[in-house]
Amino acid sequence: MPCRSSDELNTLVAKAKKCAKSGKVADYIPALGKANQDDLSIAIHYPDGRCISAGCIEKRFTLQSISKVICLALVLIDRGSNYVFEHVGMEPTGDPFNSIAKLETMSPSKPLNPMINAGALVVTHLIKGNSVEERFQRLLSFIHELTSDSTINYCEEVARSEFETAHLNRALCYFLKQHNIIEEDVEQLMELYTKQCAIQMNVLDLARIGLVFALDGVDPLSGKQIMPPDVARICKTFMVTCGMYNASGEFAIKIGIPSKSGVSGGIMGAVPGKFGIGIFGPSLDEKGNSIAGIKLLELLSKNYKLSMF
Ligand SMILES: NC(=O)CC[C@H](N)C(=O)O
């Protein structure tokens with residue numbers, strides 16, 4: 001029986017919040033350094049339209065790496081899986097999300113999966129459209145469809161802050177370009193990628209997107225099939241194998257919920273067939289995952305037996 005009341009969630013948030021002190025907010029993107037380390041919020045969206053929540057649920061945060069799985073869904077819809085997987089692999093790396101190491105040792109040097117930065121840059125490169133603006137709008141309108149909220153946009157300050165400091169991501173792009181995996185101008189791709197990562201929403205919106213993945217691509221409120229079941233299945237599989245970076249194995253054992261995190265402290269969870277979860281807790285552990293967010297998911301998974309395994 002899943003958690004049904006916001007009171008129960010409030011108790012779990014209070015418990016999980018204690019470990020926020022032992023983490024740190026990301027500051028390699030300078031604008032993210034302004035986040036409040038003690039924030040922790042959660043929303044759970046059920047197929048019948050009910051939503052329970054706890055914490056600062058109205059606060060908006062940028063998606064960062066959570067955008068990678070949404071962008072992957074879009075590109076799989078627009079280009080088909082055969083084409084996409086000619087450009088990016090399906091295997092976890094066991095390395096940090098921004099590592100360049102495997103790109104050099106793998107042959108051919110296509111990125112191992114779409115959840116590491118190198119792979120995500122390739123997927124963003126594949127968004128269809130004739131200009132950065134057109135491609136960004138394609139992604140944004142997909143997000144509007146997923147959330148039923150057409151006011152969602154990106155945070156200019158965070159996008160600019162990352163654009164000005166993303167030296168490592170630029171290095172990944174140049175490597176990919178040298179090896180003919182991407183063709184476009186690096187600055188152009190960086191503009192699109194940093195805008196994508198800076199798309200902002202609150203935990204309610206995020207839980208709603210998680211719900212669509214959980215229900216094999218169907219939005220239960222409109223009854224619309226937003227993505228083919230196969231696309232939702234591929235995305236959820238990546239969430240299990242690489243959604244929590246190089247902590248995905250331990251996360252699968254301890255929690256067992258397909259999830260994707262971002263360095264702003266967001267986590268999107270999709271409990272297959274049941275509900276969507278949105279979490280925001282900007283204090284991160286050493287691998288870049290929300291430390292209190294993971295604790296909260298662990299409590300939820302144990303209390304309500306949510307592991308899919
Ligand atoms: N892990 C993340 O959330 C990384 C996203 C961030 N925009 C980056 O590319 O570094």
# chains A, B, ... in the order shown; residues from 1 in each chain; ligands from 1

$ residues_around --residues "Thr151 (chain A)" --least-positions-apart "6" --cutoff "12 Å" --atoms "only C-alpha atoms" --output "VMD selection string"
chain A and resid 140 to 141 143 to 145 199 to 202 205

$ residues_near_ligand --ligand "ligand 1" --cutoff "6 Å" --atoms "only C-alpha atoms and all ligand atoms" --output "PDB file with C-alpha atoms, in the first residue's frame"
ATOM      1  CA  GLN A  64      20.179  19.753 -14.857  1.00  0.00           C
ATOM      2  CA  SER A  65      20.799  16.046 -15.591  1.00  0.00           C
ATOM      3  CA  PHE A  97      28.924  11.842 -14.988  1.00  0.00           C
ATOM      4  CA  ASN A 117      27.455  14.270 -20.066  1.00  0.00           C
ATOM      5  CA  CYS A 197      19.786  21.892 -18.184  1.00  0.00           C
ATOM      6  CA  GLY A 262      20.473  16.295 -11.310  1.00  0.00           C
ATOM      7  CA  VAL A 263      23.140  18.410  -9.607  1.00  0.00           C
TER       8      VAL A 263
END

$ residues_around --residues "region 9-16 of chain A" --least-positions-apart "4" --cutoff "12 Å" --atoms "only C-alpha atoms" --output "number ranges by chain"
A: 2-5, 20-22, 38-44, 51-57, 277, 279-281, 283, 290-304

$ residues_around --residues "region 85-89 of chain A" --least-positions-apart "3" --cutoff "9 Å" --atoms "only C-alpha atoms" --output "ChimeraX atom specification"
/A:80-82,92,110-114,119-120,122-123,181-182

$ closest_residue --among "A:Asp78, A:Ile209, A:Met90, A:Leu192" --to "Pro228 (chain A)" --atoms "only C-alpha atoms"
A:Asp78

$ closest_residue --among "A:Lys287, A:Arg160, A:Lys195, A:Arg233" --to "Leu76 (chain A)" --atoms "only C-alpha atoms"
A:Arg233

$ closest_residue --among "A:Val158, A:Met106, A:Ile77, A:Ile66" --to "Val231 (chain A)" --atoms "only C-alpha atoms"
A:Ile77

$ closest_residue --among "A:Ile226, A:Ala35, A:Leu189, A:Ile234" --to "Ala166 (chain A)" --atoms "only C-alpha atoms"
A:Leu189

$ atom_distance --atom1 "CA of Ala252 (chain A)" --atom2 "CA of Leu211 (chain A)"
18.9 Å

$ select_by_dssp --residues "region 115-232 of chain A" --states "helix (DSSP H, G or I)" --output "PyMOL selection string"
chain A and resi 117-125+132-147+156-165+167-178+186-197+203-214+229-232

$ write_last_selection --atoms "C-alpha atoms" --output "CSV table (one decimal), in the first residue's frame"
chain,number,residue,atom,x,y,z
A,117,ASN,CA,27.5,14.3,-20.1
A,118,ALA,CA,29.2,13.1,-23.2
A,119,GLY,CA,26.2,10.9,-24.2
A,120,ALA,CA,23.7,13.7,-23.2
A,121,LEU,CA,25.5,16.2,-25.4
A,122,VAL,CA,25.2,13.8,-28.4
A,123,VAL,CA,21.4,13.3,-27.6
A,124,THR,CA,20.9,17.1,-27.4
A,125,HIS,CA,22.8,17.4,-30.7
A,132,VAL,CA,19.1,26.5,-31.4
A,133,GLU,CA,15.9,28.5,-30.7
A,134,GLU,CA,13.7,26.1,-32.8
A,135,ARG,CA,15.3,23.0,-31.2
A,136,PHE,CA,15.0,24.4,-27.7
A,137,GLN,CA,11.3,25.2,-28.3
A,138,ARG,CA,10.8,21.6,-29.5
A,139,LEU,CA,12.1,20.3,-26.2
A,140,LEU,CA,10.2,22.9,-24.2
A,141,SER,CA,6.9,22.1,-25.8
A,142,PHE,CA,7.4,18.4,-25.1
A,143,ILE,CA,7.9,19.4,-21.5
A,144,HIS,CA,4.7,21.5,-21.6
A,145,GLU,CA,2.9,18.5,-22.9
A,146,LEU,CA,4.3,16.2,-20.2
A,147,THR,CA,3.4,18.6,-17.4
A,156,GLU,CA,18.5,32.5,-17.7
A,157,GLU,CA,20.9,33.1,-14.8
A,158,VAL,CA,21.7,29.4,-14.4
A,159,ALA,CA,22.0,28.8,-18.2
A,160,ARG,CA,24.4,31.8,-18.5
A,161,SER,CA,26.3,30.7,-15.4
A,162,GLU,CA,26.9,27.2,-16.8
A,163,PHE,CA,27.6,28.5,-20.4
A,164,GLU,CA,30.4,30.7,-19.0
A,165,THR,CA,32.0,28.0,-16.9
A,167,HIS,CA,35.0,24.1,-19.8
A,168,LEU,CA,34.9,20.4,-19.3
A,169,ASN,CA,31.6,20.0,-21.3
A,170,ARG,CA,33.2,22.0,-24.1
A,171,ALA,CA,36.2,19.7,-24.0
A,172,LEU,CA,33.8,16.7,-24.3
A,173,CYS,CA,32.2,18.4,-27.3
A,174,TYR,CA,35.5,19.1,-29.1
A,175,PHE,CA,36.5,15.4,-28.5
A,176,LEU,CA,33.2,14.3,-30.0
A,177,LYS,CA,33.5,16.6,-32.9
A,178,GLN,CA,37.1,15.5,-33.6
A,186,VAL,CA,30.4,23.6,-30.3
A,187,GLU,CA,29.2,27.0,-28.9
A,188,GLN,CA,25.8,26.4,-30.5
A,189,LEU,CA,25.5,23.0,-28.9
A,190,MET,CA,26.6,24.4,-25.6
A,191,GLU,CA,24.0,27.1,-25.8
A,192,LEU,CA,21.3,24.5,-26.4
A,193,TYR,CA,22.6,22.1,-23.7
A,194,THR,CA,22.9,24.7,-21.0
A,195,LYS,CA,19.4,26.0,-21.7
A,196,GLN,CA,18.1,22.5,-21.6
A,197,CYS,CA,19.8,21.9,-18.2
A,203,VAL,CA,8.4,19.0,-7.5
A,204,LEU,CA,4.8,18.8,-8.5
A,205,ASP,CA,5.6,19.2,-12.2
A,206,LEU,CA,8.5,16.7,-11.8
A,207,ALA,CA,6.3,14.1,-10.2
A,208,ARG,CA,3.8,14.5,-13.1
A,209,ILE,CA,6.6,13.7,-15.6
A,210,GLY,CA,7.6,10.8,-13.5
A,211,LEU,CA,4.0,9.5,-13.6
A,212,VAL,CA,4.0,9.5,-17.4
A,213,PHE,CA,7.2,7.4,-17.5
A,214,ALA,CA,5.7,5.1,-14.8
A,229,PRO,CA,5.5,2.5,-24.4
A,230,ASP,CA,8.8,1.4,-25.9
A,231,VAL,CA,10.3,4.9,-25.5
A,232,ALA,CA,9.2,5.0,-21.8

$ residues_around --residues "Pro47 (chain A)" --least-positions-apart "4" --cutoff "8 Å" --atoms "only C-alpha atoms" --output "PyMOL selection string"
chain A and resi 211+220-221+274-275

$ residues_around --residues "Cys235 (chain A)" --least-positions-apart "5" --cutoff "9 Å" --atoms "only C-alpha atoms" --output "CSV table (one decimal) with N, CA, C and O atoms, in the first residue's frame"
chain,number,residue,atom,x,y,z
A,69,VAL,N,17.1,12.6,-19.5
A,69,VAL,CA,16.2,11.5,-19.8
A,69,VAL,C,14.9,12.0,-20.6
A,69,VAL,O,14.4,11.3,-21.4
A,70,ILE,N,14.5,13.2,-20.3
A,70,ILE,CA,13.4,13.8,-21.1
A,70,ILE,C,13.8,14.1,-22.5
A,70,ILE,O,13.1,13.8,-23.5
A,72,LEU,N,16.2,12.5,-24.1
A,72,LEU,CA,16.3,11.2,-24.7
A,72,LEU,C,14.9,10.7,-25.2
A,72,LEU,O,14.9,10.2,-26.4
A,73,ALA,N,13.9,10.9,-24.4
A,73,ALA,CA,12.6,10.4,-24.9
A,73,ALA,C,12.2,11.2,-26.1
A,73,ALA,O,11.7,10.6,-27.1
A,213,PHE,N,6.2,8.5,-17.2
A,213,PHE,CA,7.2,7.4,-17.5
A,213,PHE,C,6.7,6.1,-16.8
A,213,PHE,O,6.7,5.0,-17.3
A,230,ASP,N,7.4,1.8,-25.7
A,230,ASP,CA,8.8,1.4,-25.9
A,230,ASP,C,9.8,2.5,-25.5
A,230,ASP,O,10.9,2.2,-25.0
A,240,VAL,N,17.3,3.1,-14.3
A,240,VAL,CA,17.8,2.0,-13.4
A,240,VAL,C,19.3,1.8,-13.5
A,240,VAL,O,20.0,1.8,-12.5

$ closest_residue --among "A:Val271, A:Ile152, A:Ile127, A:Met308" --to "Thr62 (chain A)" --atoms "only C-alpha atoms"
A:Ile152

$ decode --residues "region 200-212 of chain A" --atoms "N, CA and C atoms" --output "PDB file, in the first residue's frame"
ATOM      1  N   GLN A 200      13.383  25.048 -15.657  1.00  0.00           N
ATOM      2  CA  GLN A 200      13.047  24.952 -14.228  1.00  0.00           C
ATOM      3  C   GLN A 200      11.569  24.668 -13.971  1.00  0.00           C
ATOM      4  N   MET A 201      11.350  23.941 -12.895  1.00  0.00           N
ATOM      5  CA  MET A 201       9.983  23.569 -12.482  1.00  0.00           C
ATOM      6  C   MET A 201       9.995  23.247 -11.000  1.00  0.00           C
ATOM      7  N   ASN A 202       8.839  22.889 -10.444  1.00  0.00           N
ATOM      8  CA  ASN A 202       8.799  22.486  -9.031  1.00  0.00           C
ATOM      9  C   ASN A 202       8.565  20.971  -8.927  1.00  0.00           C
ATOM     10  N   VAL A 203       8.534  20.466  -7.702  1.00  0.00           N
ATOM     11  CA  VAL A 203       8.426  19.007  -7.522  1.00  0.00           C
ATOM     12  C   VAL A 203       7.084  18.441  -8.011  1.00  0.00           C
ATOM     13  N   LEU A 204       6.058  19.280  -8.033  1.00  0.00           N
ATOM     14  CA  LEU A 204       4.751  18.806  -8.505  1.00  0.00           C
ATOM     15  C   LEU A 204       4.829  18.484  -9.999  1.00  0.00           C
ATOM     16  N   ASP A 205       5.447  19.410 -10.751  1.00  0.00           N
ATOM     17  CA  ASP A 205       5.621  19.180 -12.202  1.00  0.00           C
ATOM     18  C   ASP A 205       6.488  17.938 -12.436  1.00  0.00           C
ATOM     19  N   LEU A 206       7.551  17.842 -11.644  1.00  0.00           N
ATOM     20  CA  LEU A 206       8.491  16.731 -11.848  1.00  0.00           C
ATOM     21  C   LEU A 206       7.813  15.378 -11.572  1.00  0.00           C
ATOM     22  N   ALA A 207       6.982  15.350 -10.520  1.00  0.00           N
ATOM     23  CA  ALA A 207       6.262  14.106 -10.193  1.00  0.00           C
ATOM     24  C   ALA A 207       5.317  13.739 -11.332  1.00  0.00           C
ATOM     25  N   ARG A 208       4.767  14.749 -11.960  1.00  0.00           N
ATOM     26  CA  ARG A 208       3.825  14.492 -13.063  1.00  0.00           C
ATOM     27  C   ARG A 208       4.560  13.863 -14.255  1.00  0.00           C
ATOM     28  N   ILE A 209       5.772  14.338 -14.518  1.00  0.00           N
ATOM     29  CA  ILE A 209       6.550  13.728 -15.614  1.00  0.00           C
ATOM     30  C   ILE A 209       6.918  12.288 -15.233  1.00  0.00           C
ATOM     31  N   GLY A 210       7.308  12.104 -13.967  1.00  0.00           N
ATOM     32  CA  GLY A 210       7.632  10.753 -13.480  1.00  0.00           C
ATOM     33  C   GLY A 210       6.457   9.811 -13.676  1.00  0.00           C
ATOM     34  N   LEU A 211       5.257  10.331 -13.460  1.00  0.00           N
ATOM     35  CA  LEU A 211       4.046   9.513 -13.613  1.00  0.00           C
ATOM     36  C   LEU A 211       3.876   9.036 -15.061  1.00  0.00           C
ATOM     37  N   VAL A 212       4.152   9.916 -16.018  1.00  0.00           N
ATOM     38  CA  VAL A 212       4.013   9.525 -17.432  1.00  0.00           C
ATOM     39  C   VAL A 212       4.998   8.385 -17.761  1.00  0.00           C
TER      40      VAL A 212
END
